[in-house]
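So this one's data38.txt, compact mmCIF, C-alpha atoms:
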```
# COMPACT_ATOMS: atom_id res chain seq x y z
CA MET A 1 92.61 90.26 104.66
CA ILE A 2 95.29 91.17 107.20
CA VAL A 3 96.30 94.77 107.88
CA LEU A 4 99.94 94.71 108.99
CA VAL A 5 101.08 97.72 111.03
CA PRO A 6 104.83 97.80 111.81
CA VAL A 7 105.61 100.06 114.79
CA TYR A 8 108.55 101.38 116.76
CA ARG A 9 107.88 103.58 119.79
CA PRO A 10 104.27 104.07 118.65
CA GLY A 11 102.34 107.17 119.58
CA ASP A 12 98.76 107.78 120.62
CA ARG A 13 97.50 107.59 117.03
CA LEU A 14 97.91 103.81 116.95
CA PRO A 15 94.84 102.68 119.01
CA PRO A 16 92.32 104.85 117.09
CA LEU A 17 93.94 103.75 113.83
CA VAL A 18 93.28 100.12 114.78
CA GLY A 19 89.66 100.91 115.60
CA ASP A 20 89.15 102.82 112.36
CA LEU A 21 90.69 100.04 110.27
CA ARG A 22 88.52 97.37 111.87
CA ALA A 23 85.42 99.50 111.30
CA ALA A 24 86.28 100.24 107.65
CA LEU A 25 87.38 96.69 106.78
CA PRO A 26 84.91 94.28 108.42
CA GLY A 27 86.38 90.82 108.74
CA ALA A 28 89.97 92.05 108.41
CA ASP A 29 92.53 91.19 111.09
CA VAL A 30 94.81 94.01 112.26
CA LEU A 31 98.29 92.74 113.11
CA VAL A 32 100.62 95.14 114.96
CA VAL A 33 104.28 94.11 115.09
CA ASP A 34 106.44 96.09 117.50
CA ASP A 35 110.16 96.48 116.79
CA GLY A 36 111.61 96.32 120.29
CA SER A 37 110.08 99.52 121.66
CA GLY A 38 110.57 98.39 125.26
CA PRO A 39 108.38 98.83 128.36
CA ALA A 40 107.47 102.43 127.54
CA ALA A 41 105.25 101.24 124.67
CA ALA A 42 103.24 98.78 126.78
CA GLY A 43 100.34 101.18 127.36
CA VAL A 44 99.84 102.14 123.71
CA LEU A 45 100.22 98.54 122.54
CA GLY A 46 97.79 97.38 125.21
CA ALA A 47 95.27 99.96 124.00
CA ALA A 48 95.75 98.73 120.42
CA ARG A 49 95.08 95.19 121.62
CA ALA A 50 91.94 96.40 123.38
CA GLU A 51 90.77 97.84 120.03
CA GLY A 52 91.00 94.33 118.57
CA ALA A 53 94.52 94.12 117.17
CA THR A 54 96.80 91.12 117.45
CA VAL A 55 100.07 92.47 118.87
CA LEU A 56 103.46 90.81 118.41
CA ARG A 57 106.50 92.22 120.18
CA ARG A 58 110.14 91.74 119.29
CA ARG A 59 112.56 92.14 122.18
CA VAL A 60 115.30 93.91 120.22
CA ASN A 61 115.00 96.72 117.70
CA ARG A 62 116.09 95.34 114.32
CA GLY A 63 114.45 97.52 111.69
CA LYS A 64 111.35 97.75 109.52
CA GLY A 65 112.40 94.98 107.14
CA VAL A 66 112.71 92.49 109.99
CA VAL A 67 109.34 93.54 111.39
CA LEU A 68 107.59 93.21 108.02
CA ARG A 69 109.04 89.72 107.48
CA THR A 70 107.90 88.80 110.99
CA GLY A 71 104.38 89.88 110.07
CA PHE A 72 104.42 88.02 106.74
CA ARG A 73 105.59 84.82 108.45
CA TYR A 74 102.85 85.12 111.07
CA ALA A 75 100.23 85.73 108.38
CA SER A 76 101.40 82.71 106.37
CA ALA A 77 101.40 80.43 109.40
CA HIS A 78 98.25 81.62 111.20
CA ARG A 79 96.09 83.12 108.43
CA PRO A 80 97.08 81.18 105.29
CA GLY A 81 95.55 82.40 102.07
CA ARG A 82 94.89 85.91 103.35
CA ASP A 83 96.12 88.98 101.45
CA VAL A 84 98.10 91.57 103.41
CA VAL A 85 98.05 95.36 103.29
CA CYS A 86 100.85 97.20 105.12
CA VAL A 87 100.03 100.50 106.81
CA ASP A 88 102.29 102.94 108.69
CA ALA A 89 101.29 103.81 112.24
CA ASP A 90 102.15 107.52 112.16
CA GLY A 91 98.85 108.74 110.74
CA GLN A 92 100.07 109.35 107.17
CA HIS A 93 97.62 106.89 105.65
CA GLY A 94 93.92 107.69 105.67
CA VAL A 95 91.65 104.71 106.18
CA THR A 96 89.77 105.52 102.96
CA ASP A 97 93.02 105.29 101.01
CA VAL A 98 93.93 102.03 102.75
CA CYS A 99 90.62 100.59 101.53
CA ARG A 100 91.20 101.83 97.98
CA VAL A 101 94.68 100.29 97.80
CA ALA A 102 93.41 97.00 99.24
CA GLU A 103 90.55 96.92 96.76
CA ARG A 104 92.81 97.53 93.75
CA MET A 105 95.03 94.67 94.85
CA ARG A 106 92.02 92.42 95.44
CA VAL A 107 90.63 93.09 91.96
CA THR A 108 93.88 92.92 89.98
CA GLY A 109 95.78 90.37 92.05
CA ALA A 110 98.91 92.53 91.71
CA PRO A 111 101.06 94.14 94.41
CA THR A 112 99.72 97.67 94.84
CA LEU A 113 101.35 100.87 96.08
CA GLY A 114 99.58 103.83 97.62
CA VAL A 115 101.51 106.68 95.99
CA ARG A 116 101.59 110.07 97.69
CA ARG A 117 101.03 113.16 95.55
CA PHE A 118 103.56 115.33 97.42
CA ASP A 119 101.54 118.49 96.95
CA GLY A 120 100.48 120.98 99.61
CA GLU A 121 102.21 121.01 103.00
CA VAL A 122 104.97 118.42 102.52
CA PRO A 123 108.27 118.53 104.46
CA ALA A 124 111.15 119.50 102.17
CA ARG A 125 113.17 116.37 102.99
CA SER A 126 110.24 114.15 102.01
CA ARG A 127 109.60 116.02 98.77
CA PHE A 128 113.29 115.99 97.76
CA GLY A 129 113.84 112.42 98.87
CA ASN A 130 110.95 111.11 96.81
CA ALA A 131 112.04 113.02 93.70
CA ALA A 132 115.60 111.67 94.02
CA THR A 133 114.62 108.04 94.57
CA ARG A 134 112.03 108.20 91.80
CA MET A 135 114.71 109.34 89.35
CA ALA A 136 117.18 106.74 90.59
CA PHE A 137 114.59 103.98 90.29
CA ARG A 138 113.83 105.02 86.71
CA LEU A 139 117.57 104.87 85.87
CA ALA A 140 117.83 101.43 87.49
CA THR A 141 114.75 99.87 85.91
CA GLY A 142 113.47 102.07 83.11
CA LEU A 143 110.10 102.32 84.84
CA ASP A 144 108.46 105.22 86.60
CA VAL A 145 107.25 104.33 90.09
CA ARG A 146 105.93 107.56 91.54
CA ASP A 147 106.53 106.77 95.22
CA THR A 148 109.18 104.15 95.87
CA GLN A 149 109.22 104.70 99.64
CA THR A 150 105.51 104.53 100.43
CA GLY A 151 104.64 102.38 103.41
CA LEU A 152 101.10 101.72 102.16
CA ARG A 153 101.47 98.53 100.13
CA ALA A 154 99.13 95.62 99.46
CA TYR A 155 100.37 92.13 98.61
CA PRO A 156 98.43 89.06 97.43
CA ALA A 157 98.66 85.99 99.66
CA ALA A 158 100.63 84.07 97.03
CA LEU A 159 103.61 86.41 97.55
CA LEU A 160 103.92 86.14 101.33
CA GLY A 161 106.34 83.22 101.37
CA TRP A 162 108.59 84.96 98.84
CA LEU A 163 108.45 88.22 100.80
CA THR A 164 110.00 86.48 103.81
CA THR A 165 113.08 85.65 101.68
CA VAL A 166 113.85 89.16 100.43
CA PRO A 167 116.93 90.58 102.21
CA GLY A 168 117.15 93.91 104.01
CA ASP A 169 116.62 94.61 107.69
CA ARG A 170 115.64 98.28 107.63
CA PHE A 171 114.00 100.69 105.20
CA GLU A 172 115.98 99.24 102.29
CA TYR A 173 113.79 96.11 102.48
CA GLU A 174 110.85 97.79 100.78
CA MET A 175 113.12 99.03 97.98
CA ALA A 176 114.54 95.52 97.55
CA VAL A 177 111.03 94.09 97.22
CA LEU A 178 110.10 96.65 94.60
CA LEU A 179 113.29 96.17 92.58
CA ARG A 180 112.88 92.40 92.50
CA LEU A 181 109.24 92.59 91.47
CA VAL A 182 109.93 95.02 88.64
CA ARG A 183 113.05 93.23 87.38
CA ALA A 184 111.03 90.01 87.17
CA GLY A 185 108.52 91.72 84.93
CA GLY A 186 105.81 91.81 87.58
CA LEU A 187 102.88 94.16 87.41
CA VAL A 188 102.88 96.78 90.16
CA GLU A 189 99.70 98.81 90.54
CA GLN A 190 99.78 102.44 91.74
CA VAL A 191 96.90 104.23 93.45
CA ASP A 192 97.04 107.95 94.25
CA ILE A 193 96.54 108.70 97.93
CA ALA A 194 96.37 111.86 100.02
CA THR A 195 99.49 112.96 101.86
CA HIS A 196 99.19 113.60 105.59
CA TYR A 197 102.14 114.72 107.70
CA HIS A 198 102.03 115.47 111.41
CA GLY A 199 104.53 117.78 113.09
CA ASP A 200 106.77 118.03 110.01
CA ASN A 201 106.93 114.20 109.95
CA SER A 202 108.76 114.23 113.26
CA GLY A 203 107.45 110.74 114.07
CA SER A 204 109.50 109.17 111.30
CA HIS A 205 112.38 106.91 112.33
CA PHE A 206 114.06 107.20 108.91
CA SER A 207 117.76 108.17 109.15
CA ALA A 208 118.50 110.62 106.35
CA LEU A 209 122.10 109.44 106.06
CA ALA A 210 122.31 105.78 107.06
CA ASP A 211 118.99 104.66 105.58
CA SER A 212 119.52 106.64 102.38
CA VAL A 213 122.82 104.85 101.84
CA ARG A 214 121.12 101.49 102.33
CA ILE A 215 118.38 102.39 99.85
CA TYR A 216 120.59 103.85 97.14
CA ARG A 217 123.19 101.06 97.17
CA PRO A 218 121.00 98.46 95.35
CA LEU A 219 119.58 101.18 93.10
CA ALA A 220 123.07 102.20 92.02
CA ALA A 221 124.06 98.57 91.36
CA SER A 222 120.96 98.01 89.24
CA ALA A 223 121.49 101.25 87.31
CA VAL A 224 125.10 100.31 86.48
CA ALA A 225 124.03 96.83 85.38
CA ARG A 226 121.30 98.26 83.17
CA LEU A 227 123.60 100.83 81.54
CA ALA A 228 126.16 98.08 80.94
CA GLY A 229 123.51 95.93 79.26
CA ARG A 230 123.57 93.24 81.90
CA SER A 231 120.33 91.51 82.73
CA GLU A 232 119.26 91.15 86.38
CA VAL A 233 116.28 88.87 86.88
CA ASP A 234 115.17 87.66 90.29
CA ALA A 235 113.22 84.52 91.08
CA VAL A 236 109.76 85.78 91.92
CA PRO A 237 106.60 83.62 92.15
CA ALA A 238 104.56 83.53 88.97
CA ALA A 239 101.71 85.12 90.93
CA ALA A 240 103.68 88.37 90.94
CA VAL A 241 104.06 88.40 87.17
CA THR A 242 100.68 87.11 86.03
CA THR A 243 97.34 87.02 87.74
CA SER A 244 94.18 85.03 87.22
CA ARG A 245 92.03 87.65 88.91
CA PRO A 246 89.84 89.74 86.62
CA THR A 247 91.10 93.18 85.71
CA PRO A 248 88.41 95.88 85.62
CA ALA A 249 87.59 97.47 82.31
CA THR A 250 88.38 100.90 83.70
CA ARG A 251 90.71 101.79 86.53
CA THR A 252 91.03 105.03 88.43
CA PRO A 253 94.50 106.55 88.68
```

Encoded form (structure tokens):
Amino acid sequence: MIVLVPVYRPGDRLPPLVGDLRAALPGADVLVVDDGSGPAAAGVLGAARAEGATVLRRRVNRGKGVVLRTGFRYASAHRPGRDVVCVDADGQHGVTDVCRVAERMRVTGAPTLGVRRFDGEVPARSRFGNAATRMAFRLATGLDVRDTQTGLRAYPAALLGWLTTVPGDRFEYEMAVLLRLVRAGGLVEQVDIATHYHGDNSGSHFSALADSVRIYRPLAASAVARLAGRSEVDAVPAAAVTTSRPTPATRTP
């Protein structure tokens, strides 16, 4: 398995995160892809490399979608046949939850989301944003995905080539992936995870205005098409729709 960590101007939580992931997932490779953070990030990225991570650096900041595709291409070329789990670098995702999401994907063979519960101390913008996108996604697809913006996602190796073809350079990329999977009839697993925010989520690089517009544009188009009775089906590998891996008799929520 490969743990893909996209970063931009990473903080001091990154090196210990790499160490914890390697300890919790023996045999997994941790791949850190930096989105043009510049010379100021050299120390933190060097420390992550010292913890055992492979570190790729882009010269220019392009956005999370570009960084994720960079990681998927690297995984396909250098670690073919390996599943990938994506993890944010800001400390939101506990290593125990990363393992649970990876295990659900391994057992079912389906893309798997780590869905936050949004209870307790959650910044208002995060709570409201999730509620709004959840409702919009339901209007667009008819399905209830409880956390459409989670960065903790696990993908089977068979999907990596397809993931490099999905458009979207910034945060809208993850929404585009989810929309295409669901519209193709693919199974998407959801695993409840704890919600951890640090400093009122001040480490987030999400732009409330610009990125929200990018995310809601495809949702609105899909909702209109659905209400008008038009079918939108994307070409997604059969591995995303059916799986030959055994499904457990009982599954935890």

Problem set entry | Nearest residue to Leu25 (chain A) from the set A:Arg117, A:Val98, A:Ala131, A:Leu179 (distances using only C-alpha atoms) |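 Distance minimum relative to Leu25 (chain A) lands on A:Val98.
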
Which protein, DNA or RNA residues are at most 12 Å from (115.8, 93.0, 101.7) in the file's coordinates when you count all atoms listed in the file, listed as a short mmCIF file (atom, residue, chain, number, x, y, z; two decimals) with C-alpha atoms, in the coordinates of the input?
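Heads up, here's the output in selection.cif:
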```
data_model
loop_
_atom_site.label_atom_id
_atom_site.label_comp_id
_atom_site.auth_asym_id
_atom_site.auth_seq_id
_atom_site.Cartn_x
_atom_site.Cartn_y
_atom_site.Cartn_z
CA GLY A 63 114.45 97.52 111.69
CA LYS A 64 111.35 97.75 109.52
CA GLY A 65 112.40 94.98 107.14
CA VAL A 66 112.71 92.49 109.99
CA VAL A 67 109.34 93.54 111.39
CA LEU A 68 107.59 93.21 108.02
CA ARG A 69 109.04 89.72 107.48
CA TRP A 162 108.59 84.96 98.84
CA LEU A 163 108.45 88.22 100.80
CA THR A 164 110.00 86.48 103.81
CA THR A 165 113.08 85.65 101.68
CA VAL A 166 113.85 89.16 100.43
CA PRO A 167 116.93 90.58 102.21
CA GLY A 168 117.15 93.91 104.01
CA ASP A 169 116.62 94.61 107.69
CA ARG A 170 115.64 98.28 107.63
CA PHE A 171 114.00 100.69 105.20
CA GLU A 172 115.98 99.24 102.29
CA TYR A 173 113.79 96.11 102.48
CA GLU A 174 110.85 97.79 100.78
CA MET A 175 113.12 99.03 97.98
CA ALA A 176 114.54 95.52 97.55
CA VAL A 177 111.03 94.09 97.22
CA LEU A 178 110.10 96.65 94.60
CA LEU A 179 113.29 96.17 92.58
CA ARG A 180 112.88 92.40 92.50
CA ARG A 214 121.12 101.49 102.33
CA ILE A 215 118.38 102.39 99.85
CA ARG A 217 123.19 101.06 97.17
CA PRO A 218 121.00 98.46 95.35
#
```

For this session: Rank nothing, just name the residue among A:Ala75, A:Val107, A:Leu14, A:Ser37 nearest to Ala50 (chain A), using all atoms listed in the file.
Result: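 Looking only at the distances to Ala50 (chain A), the closest residue turns out to be A:Leu14.
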
For this session: May I ask which of the residues A:Val101, A:Tyr216, A:Ile193, A:Gly71 is the closest one to Met135 (chain A), counting only C-alpha atoms?
Result: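 Of all the options, A:Tyr216 lies closest to Met135 (chain A).
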
Exercise. Taking only C-alpha atoms into account, which of A:Val32, A:Leu160, A:Ala136, A:Leu187 comes nearest Ser222 (chain A)?
Worked result: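 When distances to Ser222 (chain A) are compared using only C-alpha atoms, the smallest one comes from A:Ala136.
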
Problem set entry | Using only C-alpha atoms: which of A:Asp97, A:Asp12, A:Asp83, A:Glu103 has the shortest distance to Leu45 (chain A) | A:Asp12

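In this model, the gap between CA of Gly94 (chain A) and CA of Tyr8 (chain A) comes to 19.4 Å.
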